[in-house]
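**Q** Would you mind keeping the following structure in view while I ask a few things?
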Amino acid sequence: MKEQSSMEIIYDRLIVQQRQNWSRSLLHASAGLLLVGVCLLYVGIFDARKISEGIPSIVSLIGESLPPNFSDARTWVKPLFDTLAMSIAGTALAIVLSLPLGILAARNTTPHKLAYHMARGILNGLRSIPELIMGILFVAAVGFGALPGVLALGLHSVGMVGKFFSESIEHVDKEFIEAVKSAGASPMQIILHGVLPQVLPQMADVSLYRWEYNFRASTVMGMVGAGGIGTELMGSLRIMQYKDVSALLIIILIMVTFVDGFGTYLRRSFK
């Protein structure tokens with residue numbers, strides 16, 4: 001009887017604890033939904049009058065964009081290649097800079113706390129500045145062309161890629177590192193033979209995902225004078241050649257689909 005009553009007490013406690021957890025989760029979810037609702041109301045998503053007034057303009061704009069005009073498609077080949085080259089070069093620059101920063105920003109590989117905080121600060125700073133703002137600054141510094149786009153995409157990507165690299169390094173198997181240490185390896189050898197082999201697949205995934213993102217972002221870089229297909233898109237928008245705009249958007253969509261598919265193929269080949 002005593003054993004049965006103790007089991008009942010434990011069961012009742014578990015039920016009470018589960019109810020408390022459910023109540024806490026429900027409270028957090030309600031607070032989150034309330035915050036989302038307030039933000040949606042603040043930005044006017046529920047303003048039916050504005051939305052209804054904008055629908056005819058959107059329909060009219062779509063009508064002016066059809067049919068797409070591909071008569072200047074030959075002149076878009078080089079800007080499109082510039083955009084692709086910009087995304088690849090920017091991603092490569094990001095990977096080269098992110099690897100040492102990621103190692104310094106990981107608690108288990110950084111040589112000193114000061115180096116850890118400095119690396120984290122650099123990554124946070126680069127990540128906080130939008131690539132569009134960097135593009136404007138680099139255009140002002142080095143002039144028009146693909147170079148400012150590469151610098152903007154590369155440095156902004158360092159903030160995100162380096163963060164992912166450091167987090168991947170922090171989650172490596174500690175026993176494998178201890179085995180390398182016990183063999184008398186130096187700190188550099190530990191990183192080369194104990195850390196990097198474990199995180200290279202994740203690093204490759206992050207790098208490919210970032211390349212896909214950078215290709216889409218490089219079209220925006222062209223709008224601030226950093227070259228590429230975005231320059232052609234911005235020029236057509238300025239003179240209100242919406243049929244050219246729709247053709248350019250279709251070409252960009254095809255290229256984005258190709259880049260995403262090629263990135264998926266590369267990720268599968270690394271596994």
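Order determines the names: the first chain of the structure tokens is A, the second B, and so forth; residues in each chain are numbered 1 upward, and ligands are numbered 1 upward as they are shown.
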Per residue of stretch 65-121 of chain A within 12 Å of stretch 230-239 of chain A, which atom pair is closest and at what distance in Å (one decimal), using only C-alpha atoms, listed by chain and increasing number, as a Markdown table?
**A**
```
| residue | atom | partner | partner_atom | distance |
| --- | --- | --- | --- | --- |
| A:Ser65 | CA | A:Leu237 | CA | 11.0 |
| A:Asn69 | CA | A:Ser236 | CA | 11.2 |
| A:Asp72 | CA | A:Glu232 | CA | 10.4 |
| A:Ala73 | CA | A:Glu232 | CA | 10.7 |
| A:Thr75 | CA | A:Glu232 | CA | 9.3 |
| A:Trp76 | CA | A:Glu232 | CA | 7.5 |
| A:Val77 | CA | A:Glu232 | CA | 10.8 |
| A:Lys78 | CA | A:Glu232 | CA | 10.7 |
| A:Pro79 | CA | A:Glu232 | CA | 7.6 |
| A:Leu80 | CA | A:Gly230 | CA | 8.7 |
| A:Phe81 | CA | A:Gly230 | CA | 11.6 |
| A:Asp82 | CA | A:Gly230 | CA | 10.1 |
| A:Thr83 | CA | A:Gly230 | CA | 8.1 |
| A:Leu84 | CA | A:Gly230 | CA | 11.5 |
| A:Met86 | CA | A:Gly230 | CA | 11.7 |
```
**Q** How close does stretch 130-153 of chain A get to stretch 219-228 of chain A? List, as JSON lines, each residue of stretch 130-153 of chain A within 8 Å, its nearest atom pair and the distance in Å to one decimal, counting only C-alpha atoms.
**A**
```
{"residue": "A:Glu131", "atom": "CA", "partner": "A:Met221", "partner_atom": "CA", "distance": 7.9}
{"residue": "A:Leu132", "atom": "CA", "partner": "A:Met221", "partner_atom": "CA", "distance": 6.4}
{"residue": "A:Gly135", "atom": "CA", "partner": "A:Met221", "partner_atom": "CA", "distance": 6.3}
{"residue": "A:Ile136", "atom": "CA", "partner": "A:Val224", "partner_atom": "CA", "distance": 6.1}
{"residue": "A:Val139", "atom": "CA", "partner": "A:Ala226", "partner_atom": "CA", "distance": 6.5}
{"residue": "A:Phe144", "atom": "CA", "partner": "A:Gly225", "partner_atom": "CA", "distance": 5.5}
{"residue": "A:Gly145", "atom": "CA", "partner": "A:Gly227", "partner_atom": "CA", "distance": 4.7}
{"residue": "A:Ala146", "atom": "CA", "partner": "A:Gly227", "partner_atom": "CA", "distance": 5.0}
{"residue": "A:Leu147", "atom": "CA", "partner": "A:Ala226", "partner_atom": "CA", "distance": 7.2}
{"residue": "A:Pro148", "atom": "CA", "partner": "A:Ala226", "partner_atom": "CA", "distance": 5.7}
{"residue": "A:Gly149", "atom": "CA", "partner": "A:Ala226", "partner_atom": "CA", "distance": 5.0}
```
**Q** Ranking A:Ala29, A:Val142, A:Val38, A:Leu155 by minimum distance to A:Ile129 and counting only C-alpha atoms, which one comes first?
**A**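 The shortest atom-to-atom distance to A:Ile129 comes from A:Leu155.
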**Q** Just give me the gap between atom CA of A:Met188 and atom CA of A:Leu123 in Å, one decimal is fine.
**A**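 It comes out at 22.1 Å.
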**Q** Give the answer as one residue: which of A:Leu99, A:Met240, A:Ala115, A:Ile252 has the shortest atom-to-atom distance to A:Ile191, using only C-alpha atoms?
**A**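 Comparing A:Leu99, A:Met240, A:Ala115, A:Ile252 against A:Ile191, the winner is A:Leu99.
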**Q** May I have all residues of stretch 22-244 of chain A that DSSP, computed from the backbone, assigns to helix (DSSP H, G or I), given as a VMD selection string?
**A** chain A and resid 22 to 42 48 to 64 73 to 104 113 to 128 131 to 142 146 to 170 174 to 182 187 to 224 229 to 238 242 to 244
**Q** May I have the residues within 8 Å of A:Met134 as a PyMOL selection string, using only C-alpha atoms and disregarding those fewer than 4 positions away in the same chain?
**A** chain A and resi 129-130+138+152+156
**Q** Kindly export the residues of the current selection with C-alpha atoms, as an mmCIF file, in the first residue's frame.
**A**
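This is the output file part_30.cif:
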```cif
data_model
loop_
_atom_site.group_PDB
_atom_site.id
_atom_site.type_symbol
_atom_site.label_atom_id
_atom_site.label_comp_id
_atom_site.auth_asym_id
_atom_site.auth_seq_id
_atom_site.Cartn_x
_atom_site.Cartn_y
_atom_site.Cartn_z
ATOM 1 C CA ILE A 129 26.394 46.095 -41.898
ATOM 2 C CA PRO A 130 24.098 45.212 -44.842
ATOM 3 C CA PHE A 138 33.100 50.428 -51.794
ATOM 4 C CA ALA A 152 30.873 43.993 -50.226
ATOM 5 C CA HIS A 156 29.468 40.819 -45.322
#
```
